[in-house]
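Heads up: the structure comes next, in C-alpha cells.
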Amino acid sequence: MSDYKALAAKHLDKPSDTFMVFRIAGDQAVVVVDNGIAGCPKYIIPLSILDALVEPEPEPEGETYIYNLPYRELQAIAKEYGVTANQKHDALVAELEAVFALEGEEE
C-alpha cells in the first residue's frame with residue numbers, strides 16, 4: 001500500500017507535519033492543513049490522483065522489458081525474427097536480446 005500521507009503532501013505541496021487531519025474515507029483522502037493565521041483549508045483528494053504520483057520502480061539490472069513478457073508473446077516475437085521459438089524461457093530471451101543487440105548496431 002502506498003504512503004498516502006506523503007503522497008498527499010507532495011500533491012498539495014505542503015509538509016505533512018502541517019496536516020491537522022489526515023484520513024482515508026472510501027476512495028478519497030481527507031486532509032485539513034494548518035496554515036496558521038491564514039486558516040485551515042480542507043482538501044478531499046481522490047486516491048486515484050495520489051496513486052498516479054507513485055513513481056514506477058526501475059527495472060532490475062540485467063533484465064530487459066522482454067524478460068517479463070508472457071511466453072506466448074516471446075514465441076510470437078521469435079517467429080517474427082526467425083528465432084527458434086520452442087526453447088526454454090531464459091534461452092529464448094537471451095537469443096532475442098542478441099538479435100535486438102545486432103539490430104541496434106546496424107542502425
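Chain labels A, B, ... are given in the sequence in which chains occur in the C-alpha cells; within each chain residues are numbered consecutively from 1, and ligands are likewise numbered from 1 in the order shown.
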Which neighbours of stretch 45-50 of chain A fall inside 10 Å, counting only C-alpha atoms, when residues of the same chain fewer than 5 positions from it are skipped, and could you give them as a VMD selection string? chain A and resid 2 to 12 24 to 31
Would you give me, as JSON, numbers by chain, the residues in stretch 8-54 of chain A that DSSP reads as alpha helix (DSSP H)? {"A": [8, 9, 10, 11, 12, 47, 48, 49, 50, 51, 52]}
Written file, previous selection with N, CA and C atoms, as a JSON list (two decimals), in the first residue's frame:
[["chain", "number", "residue", "atom", "x", "y", "z"],
["A", 8, "ALA", "N", -0.02, 12.81, -0.42],
["A", 8, "ALA", "CA", -0.89, 13.98, -0.29],
["A", 8, "ALA", "C", -0.05, 15.23, -0.04],
["A", 9, "ALA", "N", 1.00, 15.09, 0.75],
["A", 9, "ALA", "CA", 1.89, 16.23, 0.99],
["A", 9, "ALA", "C", 2.55, 16.68, -0.31],
["A", 10, "LYS", "N", 2.95, 15.73, -1.11],
["A", 10, "LYS", "CA", 3.56, 16.06, -2.40],
["A", 10, "LYS", "C", 2.54, 16.73, -3.32],
["A", 11, "HIS", "N", 1.32, 16.20, -3.35],
["A", 11, "HIS", "CA", 0.27, 16.74, -4.21],
["A", 11, "HIS", "C", -0.11, 18.17, -3.80],
["A", 12, "LEU", "N", -0.21, 18.41, -2.50],
["A", 12, "LEU", "CA", -0.61, 19.74, -2.01],
["A", 12, "LEU", "C", 0.56, 20.70, -1.88],
["A", 47, "LEU", "N", -8.09, 9.03, -4.27],
["A", 47, "LEU", "CA", -6.90, 8.17, -4.16],
["A", 47, "LEU", "C", -6.29, 7.89, -5.52],
["A", 48, "SER", "N", -7.09, 7.93, -6.58],
["A", 48, "SER", "CA", -6.55, 7.69, -7.92],
["A", 48, "SER", "C", -5.51, 8.76, -8.28],
["A", 49, "ILE", "N", -5.71, 9.99, -7.83],
["A", 49, "ILE", "CA", -4.73, 11.06, -8.08],
["A", 49, "ILE", "C", -3.45, 10.77, -7.31],
["A", 50, "LEU", "N", -3.59, 10.33, -6.06],
["A", 50, "LEU", "CA", -2.40, 10.02, -5.26],
["A", 50, "LEU", "C", -1.67, 8.80, -5.82],
["A", 51, "ASP", "N", -2.42, 7.81, -6.28],
["A", 51, "ASP", "CA", -1.79, 6.62, -6.88],
["A", 51, "ASP", "C", -1.00, 6.97, -8.13],
["A", 52, "ALA", "N", -1.46, 7.98, -8.86],
["A", 52, "ALA", "CA", -0.76, 8.40, -10.08],
["A", 52, "ALA", "C", 0.58, 9.05, -9.76]]
Residues of chain A classed as strand (DSSP E) by DSSP on the backbone are to be reported as a PyMOL selection string. chain A and resi 19-25+28-33+42-46
Do you have the atom CA of A:Phe19-atom CA of A:Val33 distance handy?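 That distance, rounded to one decimal, is 4.5 Å.
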Would you list the contacts of A:Ala91 as a PyMOL selection string, taking every protein, DNA or RNA residue within 12 Å and counting only C-alpha atoms, but skipping same-chain residues closer than 5 positions in sequence? chain A and resi 67+71+74-75+78+83-86+96-98
Selected residue of minimal separation from A:Tyr43 among A:Lys79, A:Lys88, A:Arg72, A:Arg23, counting only C-alpha atoms: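 Looking at the shortest contact to A:Tyr43, the residue is A:Arg23.
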